[in-house]
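Source file query_7.txt; content: compact mmCIF, C-alpha atoms.
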```txt
# COMPACT_ATOMS: atom_id res chain seq x y z
CA MET A 21 0.00 0.00 0.00
CA LYS A 22 2.75 2.42 0.97
CA ASP A 23 4.69 1.45 -2.10
CA ARG A 24 1.71 2.11 -4.29
CA LEU A 25 1.28 5.56 -2.82
CA ARG A 26 4.96 6.24 -3.23
CA ASN A 27 4.93 5.07 -6.82
CA GLN A 28 2.00 7.32 -7.56
CA THR A 29 3.66 10.27 -5.97
CA ASN A 30 6.86 10.22 -7.88
CA GLN A 31 7.76 8.30 -10.97
CA VAL A 32 10.93 9.86 -12.23
CA HIS A 33 12.20 8.72 -15.59
CA ALA A 34 15.45 10.13 -16.91
CA GLY A 35 14.77 13.78 -16.30
CA VAL A 36 11.07 13.67 -17.08
CA SER A 37 9.01 13.40 -13.93
CA THR A 38 5.55 12.04 -14.40
CA LEU A 39 2.61 11.44 -12.14
CA ARG A 40 0.00 8.83 -12.93
CA ALA A 41 -3.24 10.66 -13.41
CA ASP A 42 -5.63 7.78 -13.78
CA ARG A 43 -5.96 4.25 -15.02
CA HIS A 44 -6.11 5.38 -18.62
CA ALA A 45 -2.35 5.93 -18.74
CA ARG A 46 -2.69 9.70 -18.74
CA THR A 47 0.35 11.09 -17.01
CA TRP A 48 1.18 14.50 -15.68
CA GLU A 49 4.23 15.93 -17.35
CA HIS A 50 6.48 17.87 -14.99
CA LEU A 51 7.84 20.96 -16.71
CA PRO A 52 11.31 22.39 -15.99
CA ASP A 53 9.79 25.42 -14.24
CA GLY A 54 8.11 23.19 -11.67
CA ARG A 55 4.65 23.22 -13.17
CA ALA A 56 2.76 20.10 -14.17
CA ARG A 57 0.77 19.67 -17.36
CA LEU A 58 -1.80 17.11 -18.45
CA ARG A 59 -3.61 16.75 -21.72
CA GLY A 60 -7.24 15.83 -21.10
CA GLY A 61 -8.97 12.78 -22.45
CA GLY A 62 -10.94 14.78 -24.99
CA ALA A 63 -13.81 13.23 -26.90
CA LYS A 64 -11.99 9.90 -27.31
CA LYS A 65 -12.75 9.01 -23.71
CA GLY A 66 -16.49 9.31 -24.38
CA ILE A 67 -16.21 7.28 -27.58
CA VAL A 68 -14.37 4.49 -25.77
CA GLY A 69 -16.97 4.51 -23.00
CA GLY A 70 -19.77 4.37 -25.55
CA ILE A 71 -18.17 1.48 -27.45
CA VAL A 72 -17.67 -0.50 -24.22
CA LEU A 73 -21.32 0.04 -23.32
CA LEU A 74 -22.40 -0.95 -26.84
CA ALA A 75 -20.31 -4.12 -26.67
CA PHE A 76 -21.91 -5.09 -23.37
CA ALA A 77 -25.35 -4.20 -24.73
CA ALA A 78 -24.72 -6.43 -27.77
CA PHE A 79 -23.81 -9.34 -25.46
CA TRP A 80 -26.86 -8.70 -23.25
CA ASN A 81 -29.25 -8.36 -26.15
CA GLY A 82 -27.79 -11.42 -27.86
CA ILE A 83 -28.76 -13.60 -24.91
CA THR A 84 -32.16 -12.05 -24.18
CA TRP A 85 -33.30 -11.89 -27.81
CA THR A 86 -32.14 -15.47 -28.45
CA ALA A 87 -34.28 -16.63 -25.54
CA VAL A 88 -37.27 -14.54 -26.64
CA LEU A 89 -37.11 -15.57 -30.28
CA SER A 90 -36.67 -19.25 -29.47
CA MET A 91 -39.83 -19.17 -27.36
CA TRP A 92 -41.64 -17.14 -30.01
CA SER A 93 -41.12 -19.92 -32.54
CA ASP A 94 -42.72 -22.49 -30.23
CA ASP A 95 -46.45 -23.10 -30.12
CA GLY A 96 -48.26 -20.57 -27.97
CA SER A 97 -49.50 -21.43 -24.51
CA GLY A 98 -50.48 -19.57 -21.34
CA MET A 99 -47.03 -19.90 -19.86
CA GLN A 100 -45.47 -18.19 -22.89
CA TRP A 101 -47.06 -14.86 -22.09
CA PHE A 102 -45.73 -15.05 -18.58
CA PHE A 103 -42.28 -15.74 -20.04
CA PHE A 104 -42.50 -12.78 -22.45
CA ALA A 105 -43.64 -10.49 -19.66
CA PHE A 106 -40.69 -11.62 -17.54
CA MET A 107 -38.18 -11.34 -20.37
CA GLY A 108 -39.59 -7.97 -21.34
CA ILE A 109 -37.72 -6.41 -18.40
CA PHE A 110 -34.42 -7.74 -19.69
CA VAL A 111 -35.21 -6.69 -23.26
CA LEU A 112 -36.01 -3.20 -22.01
CA ILE A 113 -32.70 -3.00 -20.10
CA GLY A 114 -30.85 -4.15 -23.21
CA LEU A 115 -32.52 -1.51 -25.36
CA LEU A 116 -31.73 1.20 -22.80
CA MET A 117 -28.09 0.14 -22.81
CA LEU A 118 -28.02 0.31 -26.60
CA LEU A 119 -29.53 3.77 -26.51
CA GLY A 120 -27.08 4.87 -23.84
CA GLY A 121 -24.08 3.59 -25.79
CA VAL A 122 -25.23 5.22 -29.03
CA SER A 123 -25.93 8.54 -27.29
CA LEU A 124 -22.49 8.49 -25.61
CA VAL A 125 -20.75 7.93 -28.94
CA ILE A 126 -22.84 10.57 -30.71
CA LYS A 127 -22.25 13.08 -27.91
CA ALA A 128 -18.51 12.44 -27.95
CA VAL A 129 -18.34 12.79 -31.73
CA LEU A 130 -20.35 16.02 -31.65
CA VAL A 131 -18.16 17.48 -28.88
CA GLY A 132 -15.02 16.38 -30.72
CA ARG A 133 -16.18 18.26 -33.84
CA GLN A 134 -16.38 21.51 -31.88
CA ILE A 135 -13.43 21.41 -29.50
CA ALA A 136 -10.22 19.40 -29.07
CA ALA A 137 -8.85 17.81 -25.91
CA PRO A 138 -7.98 20.40 -23.24
CA THR A 139 -4.67 20.87 -21.48
CA LEU A 140 -4.50 21.56 -17.75
CA THR A 141 -1.43 23.16 -16.22
CA LEU A 142 -0.93 23.31 -12.46
CA ASP A 143 1.61 25.32 -10.47
CA ARG A 144 3.06 22.15 -9.03
CA LEU A 145 2.34 18.52 -8.28
CA PRO A 146 1.93 16.77 -5.95
CA LEU A 147 0.09 19.35 -3.91
CA ARG A 148 0.37 19.75 -0.16
CA LEU A 149 -2.29 20.41 2.44
CA GLY A 150 -2.99 24.11 2.71
CA GLU A 151 -1.44 24.81 -0.67
CA ARG A 152 -2.88 27.40 -3.03
CA PHE A 153 -2.45 26.66 -6.69
CA ASP A 154 -3.44 28.04 -10.06
CA VAL A 155 -5.00 26.02 -12.81
CA LEU A 156 -4.54 27.07 -16.43
CA TYR A 157 -7.10 25.53 -18.76
CA GLU A 158 -6.52 25.59 -22.52
CA GLN A 159 -8.79 23.99 -25.10
CA PRO A 160 -8.35 24.44 -28.88
CA VAL A 161 -11.48 25.18 -30.89
CA ARG A 162 -12.30 23.41 -34.16
CA ARG A 163 -15.52 25.20 -35.14
CA ALA A 164 -16.99 28.55 -34.30
CA CYS A 165 -19.24 28.29 -31.29
CA ARG A 166 -20.35 30.10 -28.19
CA ILE A 167 -18.94 28.88 -24.91
CA ALA A 168 -21.62 29.51 -22.31
CA SER A 169 -19.20 28.77 -19.47
CA VAL A 170 -16.13 26.89 -18.37
CA LYS A 171 -16.41 25.60 -14.81
CA LEU A 172 -13.49 24.15 -12.89
CA THR A 173 -14.29 22.35 -9.66
CA LEU A 174 -11.85 21.10 -7.06
CA VAL A 175 -13.30 17.89 -5.67
CA CYS A 176 -12.28 15.63 -2.79
CA GLN A 177 -14.21 12.41 -2.99
CA GLU A 178 -14.46 9.46 -0.62
CA TRP A 179 -14.80 6.17 -2.47
CA VAL A 180 -15.54 2.85 -0.81
CA ARG A 181 -16.14 -0.68 -1.98
CA TYR A 182 -18.02 -3.21 0.10
CA ARG A 183 -19.58 -6.61 -0.20
CA VAL A 184 -23.21 -7.38 0.52
CA GLY A 185 -23.78 -11.11 0.22
CA THR A 186 -22.32 -12.00 -3.16
CA ASP A 187 -22.61 -8.47 -4.56
CA THR A 188 -19.79 -5.94 -4.58
CA ARG A 189 -20.98 -2.37 -4.37
CA THR A 190 -19.33 1.01 -4.35
CA ALA A 191 -20.36 4.30 -2.79
CA THR A 192 -18.96 7.79 -3.10
CA HIS A 193 -19.29 11.00 -1.15
CA GLU A 194 -17.92 14.39 -2.08
CA ALA A 195 -16.23 15.69 1.04
CA LEU A 196 -15.27 18.92 -0.70
CA SER A 197 -16.46 20.63 -3.85
CA VAL A 198 -15.32 24.11 -4.75
CA GLU A 199 -16.59 25.37 -8.09
CA GLN A 200 -15.27 28.31 -10.03
CA VAL A 201 -16.69 29.72 -13.21
CA ALA A 202 -13.47 30.41 -15.05
CA LEU A 203 -15.02 31.72 -18.26
CA ARG A 204 -18.47 32.94 -19.20
CA ASP A 205 -20.31 33.61 -22.45
CA THR A 206 -17.51 33.84 -24.98
CA HIS A 207 -17.60 33.45 -28.76
CA VAL A 208 -14.69 31.47 -30.16
CA HIS A 209 -13.53 30.79 -33.71
CA PRO A 210 -11.65 27.93 -35.38
CA GLY A 211 -7.96 27.94 -34.50
CA GLU A 212 -8.50 29.87 -31.29
CA THR A 213 -7.91 28.40 -27.87
CA ILE A 214 -10.27 28.68 -24.95
CA THR A 215 -8.13 29.90 -22.07
CA ALA A 216 -9.36 30.03 -18.51
CA ARG A 217 -7.68 30.32 -15.13
CA ALA A 218 -8.76 29.46 -11.64
CA ALA A 219 -7.13 29.42 -8.24
CA PHE A 220 -7.85 26.85 -5.56
CA GLU A 221 -6.64 25.94 -2.14
CA ILE A 222 -6.33 22.51 -0.60
CA PRO A 223 -7.76 22.94 2.92
CA ARG A 224 -5.14 22.81 5.64
CA ALA A 225 -7.33 20.44 7.67
CA GLY A 226 -8.26 18.39 4.63
CA MET A 227 -7.27 14.85 3.83
CA HIS A 228 -4.57 13.78 1.42
CA SER A 229 -4.95 11.34 -1.46
CA PHE A 230 -5.27 7.80 -0.19
CA GLU A 231 -5.55 4.61 -2.17
CA GLY A 232 -6.50 1.53 -0.24
CA HIS A 233 -7.96 -1.59 -1.73
CA ASN A 234 -11.50 -0.83 -0.57
CA ASN A 235 -11.22 2.75 0.66
CA ARG A 236 -9.91 5.69 -1.31
CA ILE A 237 -9.70 9.45 -1.02
CA LYS A 238 -9.57 10.92 -4.49
CA TRP A 239 -8.75 14.47 -5.42
CA PHE A 240 -9.53 15.73 -8.90
CA ILE A 241 -10.36 18.79 -10.93
CA ARG A 242 -13.70 18.48 -12.66
CA VAL A 243 -13.82 20.29 -15.98
CA HIS A 244 -17.17 21.31 -17.46
CA THR A 245 -17.20 23.20 -20.73
CA ASP A 246 -20.74 24.29 -21.55
CA ILE A 247 -21.06 24.78 -25.32
CA ALA A 248 -24.21 26.69 -26.19
CA ASN A 249 -26.81 24.53 -27.99
CA TRP A 250 -24.41 21.62 -28.11
CA PRO A 251 -23.47 18.69 -25.85
CA ASP A 252 -21.12 19.69 -23.01
CA TYR A 253 -17.57 18.53 -22.44
CA THR A 254 -16.86 17.09 -19.00
CA ASP A 255 -13.82 15.38 -17.54
CA ASP A 256 -12.45 14.52 -14.10
CA VAL A 257 -8.70 15.04 -13.93
CA PRO A 258 -7.12 13.31 -10.91
CA ILE A 259 -4.50 15.18 -8.89
CA GLN A 260 -2.29 13.99 -6.06
CA VAL A 261 -2.35 15.59 -2.59
CA THR A 262 0.34 14.56 -0.11
CA PRO A 263 -0.03 14.56 3.69
CA ARG A 264 2.61 17.23 4.06
CA LEU A 265 1.54 20.71 5.03
CA VAL A 266 2.62 23.78 3.17
CA HIS A 267 4.29 26.18 5.59
CA ASP A 268 5.02 29.07 3.29
CA ALA A 269 1.48 29.82 2.20
CA ALA A 270 0.99 33.48 1.41
CA PRO A 271 -2.27 35.19 2.30
CA PRO A 272 -4.84 34.76 -0.47
CA THR A 273 -5.41 37.66 -2.79
CA ALA A 274 -8.89 39.04 -2.73
CA ASP A 275 -9.81 38.10 -6.29
CA ARG A 276 -8.45 34.59 -6.17
CA ALA A 277 -9.27 33.28 -2.75
CA VAL A 278 -11.59 30.34 -2.77
CA SER A 279 -13.35 29.57 0.43
CA CYS A 280 -13.02 25.89 1.12
CA HIS A 281 -15.06 24.08 3.69
CA PRO A 282 -12.66 22.75 6.26
CA GLY A 283 -12.17 19.03 6.17
CA PRO A 284 -13.06 16.70 8.97
CA ASP A 285 -11.36 17.39 12.24
CA ARG A 286 -8.81 14.64 12.44
CA ALA A 287 -8.16 15.28 16.09
CA ALA A 288 -11.73 14.37 16.94
CA PRO A 289 -11.05 10.76 17.98
CA LEU A 290 -8.67 12.02 20.61
CA ARG A 291 -11.26 14.16 22.25
CA ALA A 292 -13.34 11.08 22.94
CA ASN A 293 -10.56 9.55 24.96
CA ALA A 294 -10.86 8.82 28.62
CA PRO A 295 -9.54 11.35 31.10
CA VAL A 296 -5.85 11.30 31.66
CA THR A 297 -4.74 9.34 34.67
CA ALA A 298 -1.84 10.15 36.91
CA ALA A 299 1.65 9.55 35.68
CA PRO A 300 3.24 6.32 36.94
CA SER A 301 5.20 6.70 40.10
CA SER A 302 6.89 3.39 40.85
CA ALA A 303 10.53 2.90 40.00
CA ALA A 304 9.75 -0.02 37.71
CA ASP A 305 7.50 2.16 35.58
CA ALA A 306 9.72 5.17 35.55
CA PRO A 307 10.27 6.67 32.13
CA PRO A 308 13.69 7.02 30.56
CA ALA A 309 15.57 10.05 31.66
CA ASP A 310 14.18 12.27 28.90
CA ALA A 311 14.07 15.76 30.24
CA GLY A 312 10.62 17.26 30.10
CA VAL A 313 8.89 14.15 28.83
CA SER A 314 5.50 13.53 30.36
CA TRP A 315 4.21 9.98 30.47
CA ARG A 316 0.54 9.22 30.39
CA GLU A 317 -1.47 6.07 30.54
CA ALA A 318 -3.04 5.76 27.14
CA PRO A 319 -6.68 5.05 26.33
CA ARG A 320 -7.33 1.70 24.74
CA ALA A 321 -8.50 1.35 21.19
CA SER A 322 -11.95 -0.08 20.78
CA GLY A 323 -12.39 -3.84 21.08
CA ASP A 324 -10.73 -6.22 18.69
CA ASP A 325 -10.25 -3.65 15.93
CA PHE A 326 -6.62 -4.37 15.37
CA ARG A 327 -6.64 -8.13 15.88
CA MET B 1 -3.79 -20.23 34.33
CA SER B 2 -3.78 -16.44 34.06
CA LYS B 3 -2.71 -14.87 30.84
CA PRO B 4 0.02 -12.24 30.75
CA THR B 5 -1.06 -8.66 31.19
CA VAL B 6 0.20 -5.80 29.07
CA GLU B 7 0.45 -2.13 29.93
CA ILE B 8 1.33 0.48 27.32
CA LEU B 9 2.53 3.89 28.36
CA LEU B 10 3.13 6.43 25.65
CA GLN B 11 5.01 9.66 25.81
CA GLN B 12 3.19 12.88 25.15
CA GLY B 13 3.41 13.73 21.46
CA PRO B 14 5.19 16.87 20.32
CA TRP B 15 2.20 19.09 20.99
CA PRO B 16 0.95 20.02 24.43
CA GLY B 17 -2.61 19.66 25.59
CA ASP B 18 -4.89 16.73 26.26
CA ASP B 19 -6.34 16.80 22.77
CA TYR B 20 -2.92 16.07 21.38
CA ARG B 21 -1.46 13.84 24.04
CA HIS B 22 -1.37 10.81 21.73
CA ALA B 23 -0.97 12.62 18.46
CA TRP B 24 2.14 12.50 16.33
CA PRO B 25 3.03 14.10 13.05
CA ILE B 26 4.07 12.15 9.98
CA GLY B 27 7.76 11.39 9.94
CA ALA B 28 8.02 11.43 13.75
CA ALA B 29 8.46 8.50 16.11
CA VAL B 30 5.94 7.20 18.63
CA ARG B 31 7.83 6.53 21.84
CA GLY B 32 6.69 4.72 24.90
CA ARG B 33 7.19 1.83 27.23
CA VAL B 34 5.53 -1.57 27.24
CA SER B 35 5.32 -3.56 30.48
CA ILE B 36 4.36 -7.21 30.44
CA HIS B 37 3.65 -9.25 33.53
CA ALA B 38 3.11 -13.02 33.50
CA PRO B 39 1.50 -14.32 36.74
CA ASP B 40 2.02 -17.90 35.54
CA ALA B 41 4.54 -19.55 33.26
CA THR B 42 3.37 -18.96 29.68
CA LYS B 43 4.54 -20.47 26.43
CA THR B 44 4.94 -17.69 23.90
CA ARG B 45 6.56 -17.44 20.50
CA ARG B 46 7.26 -13.75 20.51
CA MET B 47 5.98 -10.38 21.65
CA THR B 48 5.79 -7.50 19.24
CA ALA B 49 4.78 -3.88 19.27
CA GLU B 50 3.35 -2.45 16.06
CA LEU B 51 2.18 0.88 14.80
CA ALA B 52 -0.78 -0.08 12.65
CA TRP B 53 -3.69 1.55 10.86
CA ARG B 54 -7.07 0.33 9.75
CA THR B 55 -10.12 1.76 8.05
CA GLU B 56 -13.65 1.81 9.38
CA GLY B 57 -16.86 2.84 7.72
CA ARG B 58 -19.04 1.59 4.95
CA GLY B 59 -16.25 0.06 2.89
CA ASP B 60 -14.60 -3.26 3.62
CA THR B 61 -11.65 -2.87 5.95
CA ASP B 62 -8.17 -2.01 4.73
CA ARG B 63 -5.28 -2.27 7.15
CA GLY B 64 -1.56 -1.89 7.27
CA THR B 65 1.40 -1.96 9.63
CA ALA B 66 3.78 0.95 9.47
CA ALA B 67 6.40 -0.18 11.99
CA SER B 68 7.02 -3.21 14.13
CA VAL B 69 9.55 -4.16 16.81
CA THR B 70 10.08 -7.47 18.57
CA LEU B 71 10.01 -7.06 22.34
CA HIS B 72 10.83 -10.60 23.38
CA GLU B 73 11.15 -14.09 21.96
CA GLY B 74 10.55 -17.26 23.93
CA ASP B 75 8.58 -18.30 26.99
CA LEU B 76 7.70 -16.24 30.02
CA HIS B 77 8.47 -17.63 33.45
CA ALA B 78 6.01 -17.41 36.31
CA GLY B 79 6.10 -13.96 37.84
CA ALA B 80 8.22 -12.56 35.01
CA THR B 81 7.98 -8.85 34.36
CA LEU B 82 9.35 -7.27 31.23
CA ALA B 83 9.62 -3.58 30.49
CA ARG B 84 10.74 -2.41 27.08
CA ASP B 85 11.06 1.04 25.61
CA ILE B 86 9.60 1.26 22.14
CA GLU B 87 10.12 3.65 19.28
CA LEU B 88 7.94 3.25 16.21
CA ALA B 89 8.52 5.39 13.15
CA VAL B 90 5.51 7.14 11.65
CA PRO B 91 5.66 6.96 7.85
CA GLU B 92 6.10 10.17 5.89
CA ASP B 93 3.31 9.30 3.48
CA GLY B 94 0.60 8.58 6.03
CA PRO B 95 -2.21 7.85 5.88
CA LEU B 96 -3.27 10.52 8.34
CA THR B 97 -5.94 9.84 10.92
CA TYR B 98 -9.21 10.71 9.24
CA ASP B 99 -12.85 10.89 10.26
CA GLY B 100 -14.91 11.30 7.13
CA HIS B 101 -18.41 10.53 5.94
CA LEU B 102 -17.80 7.05 4.52
CA ILE B 103 -14.27 6.39 5.74
CA ARG B 104 -12.45 6.53 9.05
CA ILE B 105 -8.74 5.84 9.28
CA MET B 106 -7.56 4.90 12.75
CA TRP B 107 -4.09 4.27 14.10
CA ALA B 108 -3.02 2.34 17.15
CA VAL B 109 0.00 0.99 18.93
CA VAL B 110 -0.65 -2.75 19.11
CA VAL B 111 1.24 -5.04 21.45
CA ARG B 112 0.77 -8.70 20.58
CA ILE B 113 1.86 -11.74 22.58
CA ASP B 114 1.88 -14.67 20.18
CA ILE B 115 0.77 -17.73 22.14
CA PRO B 116 1.06 -21.03 20.27
CA TRP B 117 -2.19 -23.03 20.12
CA GLY B 118 -3.97 -20.31 22.01
CA ARG B 119 -5.60 -16.94 21.67
CA ASP B 120 -3.00 -14.19 21.38
CA VAL B 121 -2.93 -11.49 24.01
CA ILE B 122 -3.41 -8.15 22.28
CA GLU B 123 -3.40 -4.73 23.85
CA THR B 124 -4.03 -1.62 21.79
CA VAL B 125 -3.75 2.09 22.34
CA GLU B 126 -5.32 4.46 19.88
CA VAL B 127 -3.12 7.23 18.57
CA ALA B 128 -3.65 9.95 15.99
CA ILE B 129 -1.33 10.62 13.09
CA LEU B 130 -1.62 14.19 11.88
CA SER B 131 0.12 16.42 9.43
CA ASP B 132 2.23 19.13 10.99
CA TYR B 133 -0.83 21.40 10.68
CA GLU B 134 -1.48 21.48 14.39
CA SER B 135 2.08 22.44 15.17
CA ALA B 136 1.32 25.95 13.98
CA ALA B 137 -2.05 26.37 15.64
CA PRO B 138 -2.60 25.10 19.15
CA ARG B 139 0.84 25.17 20.70
CA ALA B 140 0.50 26.27 24.30
CA THR B 141 2.27 29.41 25.29
CA PRO B 142 5.40 28.64 27.32
```

Could you render the structure from this file as structure tokens?
Amino acid sequence: MKDRLRNQTNQVHAGVSTLRADRHARTWEHLPDGRARLRGGGAKKGIVGGIVLLAFAAFWNGITWTAVLSMWSDDGSGMQWFFFAFMGIFVLIGLLMLLGGVSLVIKAVLVGRQIAAPTLTLDRLPLRLGERFDVLYEQPVRRACRIASVKLTLVCQEWVRYRVGTDTRTATHEALSVEQVALRDTHVHPGETITARAAFEIPRAGMHSFEGHNNRIKWFIRVHTDIANWPDYTDDVPIQVTPRLVHDAAPPTADRAVSCHPGPDRAAPLRANAPVTAAPSSAADAPPADAGVSWREAPRASGDDFR
Amino acid sequence: MSKPTVEILLQQGPWPGDDYRHAWPIGAAVRGRVSIHAPDATKTRRMTAELAWRTEGRGDTDRGTAASVTLHEGDLHAGATLARDIELAVPEDGPLTYDGHLIRIMWAVVVRIDIPWGRDVIETVEVAILSDYESAAPRATP
């Protein structure tokens, strides 16, 4: 686990430092001036997602329709209608998946005709707790259009996986979401680049990125480009936040400060501890001769948690 | 036959105040003393002290051990009392203690007496691993 975190934090290859951005092999490129740059997934990501859904829908529909058609060819009976009513649910799900896959592909193609994949540039990566950073968003334009808005959102998300019987389920919760409208109502022409900037701050009392097997804390920047009268472009770009605290944070400037909700109070479990008992007095229990060290009997952790 | 008893005493962390008495920053070392008393002769394989974390919450549990030291190997004689100073390094990369909506991450010093063919004796003390955030805020005035 620690190794995985370490590998994600720094993968240095012959002068080019990269940071894994997600499972789709997108990597942050570390620039010589300390900034980090990532090219977004663009419309291809949506096309791939649509094709995967279509492939699954084809498999699903192949089974359900084979069953339906084989019964259809048999002689009719009362039980057949019950069968068709039952199978109708699965046929409906298959059709919805087909529709979903087709709409994803169409949307991605339409978005790809208007705008190319964006590039995000951050001041530095990985980020530290309490760190303020600027995001530069650049997206080339292929056709003239009106950009209603570009929204950049800093998100901290809890992700868990758990088993219920034989099912494996996941749940997410956004612990932090700070949205900034970086650009509003702008006409762009072919060859131009949509450029937007935003400034964020990782809360000092927030939580760093964490990747366990079943529990994860994910940080990412959610990009939402609203193209007027056209499907929108959206993407979640993962970023890495380390547990270190930034000590040299300058006061925020008035036009850039983003108010972040403070993260959970990590000292809270301590406050629930039992009252402190007297320090040991017998010679056998005497602490080492550390000057100024106070020794306390510690509260026990709950039950068999760590067995 | 009585099982051995374990007492864990931890030093105050680097920050004063009761809220922070068992809190350490990443990269520091948790120091303390473990005392073990065996009223009766006990067969044991080894005794270890670990700094370990685990998750709680809706997700299935993840756990890990950041540091471990062996306190003793071999059997305990009747009436034996052992006292060992421990120093367990807190990893630089966390995870930090966390109390979120779906996830909690908890740390503890765990002392384990490995008893062959029997239930291990385990004593735990909850600690908090924090960033150095609190070092700037709540330090008591001298």

Please list, as a PyMOL selection string, the residues that have an atom at most 8 Å away from (1.5, 12.3, 9.5) in the coordinates of this file, counting only C-alpha atoms. (chain A and resi 263-264) or (chain B and resi 24-28+90-97+129-132)

Region 13-19 of chain B: axis-aligned bounding box, 4 Å on each side, centre and edge lengths in Å, one decimal, as AutoDock Vina command-line options:
```
--center_x -0.6 --center_y 16.9 --center_z 23.3 --size_x 19.5 --size_y 14.3 --size_z 13.9
```

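Take CA of Val198 (chain A) and CA of Val155 (chain A): the distance between them is 13.2 Å.
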
For CA of Ile122 (chain B) and CA of Ile36 (chain B), determine how far apart the two atoms are, in Å to one decimal place. 11.3 Å

Pick from B:Ala29, B:Ala41, B:Leu9, B:Ala78: nearest to chain A, with all atoms listed in the file counted? B:Leu9

Once you count all atoms listed in the file, what closest atom pair and distance in Å to one decimal does each residue of region 68-94 of chain A within 7 Å of region 102-125 of chain A have, with rows by chain and rising residue number, as a Markdown table?
```
| residue | atom | partner | partner_atom | distance |
| --- | --- | --- | --- | --- |
| A:Gly70 | CA | A:Gly121 | CA | 4.4 |
| A:Ile71 | CA | A:Gly121 | CA | 6.5 |
| A:Leu73 | CA | A:Gly121 | CA | 5.1 |
| A:Leu74 | CA | A:Gly121 | CA | 5.0 |
| A:Ala77 | CA | A:Met117 | CA | 5.5 |
| A:Trp80 | CA | A:Gly114 | CA | 6.1 |
| A:Asn81 | CA | A:Gly114 | CA | 5.4 |
| A:Thr84 | CA | A:Val111 | CA | 6.2 |
| A:Val88 | CA | A:Phe104 | CA | 6.9 |
```

For the residues selected in the previous step, produce a file with C-alpha atoms as a compact mmCIF listing (two decimals), in the frame of the given file.
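Dumped to part09.txt:
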```txt
# COMPACT_ATOMS: atom_id res chain seq x y z
CA GLY A 70 -19.77 4.37 -25.55
CA ILE A 71 -18.17 1.48 -27.45
CA LEU A 73 -21.32 0.04 -23.32
CA LEU A 74 -22.40 -0.95 -26.84
CA ALA A 77 -25.35 -4.20 -24.73
CA TRP A 80 -26.86 -8.70 -23.25
CA ASN A 81 -29.25 -8.36 -26.15
CA THR A 84 -32.16 -12.05 -24.18
CA VAL A 88 -37.27 -14.54 -26.64
```

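Between Glu178 (chain A) and the candidates A:Gln260, A:Thr190, A:Thr139, A:Thr213, the tightest atom-to-atom separation, counting only C-alpha atoms, involves A:Thr190.
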
So which residues fall inside 10 Å of (-6.3, 32.1, -23.6) if we count all atoms listed in the file? Mind giving them as a PDB file with C-alpha atoms, in the frame of the given file?
```pdb
ATOM      1  CA  LEU A 156      -4.540  27.070 -16.430  1.00  0.00           C
ATOM      2  CA  TYR A 157      -7.100  25.530 -18.760  1.00  0.00           C
ATOM      3  CA  GLU A 158      -6.520  25.590 -22.520  1.00  0.00           C
ATOM      4  CA  GLN A 159      -8.790  23.990 -25.100  1.00  0.00           C
ATOM      5  CA  PRO A 160      -8.350  24.440 -28.880  1.00  0.00           C
ATOM      6  CA  GLU A 212      -8.500  29.870 -31.290  1.00  0.00           C
ATOM      7  CA  THR A 213      -7.910  28.400 -27.870  1.00  0.00           C
ATOM      8  CA  ILE A 214     -10.270  28.680 -24.950  1.00  0.00           C
ATOM      9  CA  THR A 215      -8.130  29.900 -22.070  1.00  0.00           C
ATOM     10  CA  ALA A 216      -9.360  30.030 -18.510  1.00  0.00           C
ATOM     11  CA  ARG A 217      -7.680  30.320 -15.130  1.00  0.00           C
TER      12      ARG A 217
END
```

If you count all atoms listed in the file, which residues fall within 7 Å of Val111 (chain B), apart from same-chain ones fewer than 2 positions away, as a PyMOL selection string? chain B and resi 48-50+109+113+122-124

Deliver the residues from the most recent selection as a file, using C-alpha atoms, as a PDB file, keeping the file's coordinate frame.
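Wrote it out as out-v8.pdb, contents follow:
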```
ATOM      1  CA  THR B  48       5.790  -7.500  19.240  1.00  0.00           C
ATOM      2  CA  ALA B  49       4.780  -3.880  19.270  1.00  0.00           C
ATOM      3  CA  GLU B  50       3.350  -2.450  16.060  1.00  0.00           C
ATOM      4  CA  VAL B 109       0.000   0.990  18.930  1.00  0.00           C
ATOM      5  CA  ILE B 113       1.860 -11.740  22.580  1.00  0.00           C
ATOM      6  CA  ILE B 122      -3.410  -8.150  22.280  1.00  0.00           C
ATOM      7  CA  GLU B 123      -3.400  -4.730  23.850  1.00  0.00           C
ATOM      8  CA  THR B 124      -4.030  -1.620  21.790  1.00  0.00           C
TER       9      THR B 124
END
```

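The closest residue to Gly59 (chain B), picked from B:Val127, B:Val121, B:Ile103, B:Ala108 and counting only C-alpha atoms, is B:Ile103.
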
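Separating CA of Gln200 (chain A) from CA of Ala218 (chain A) is a distance of 6.8 Å.
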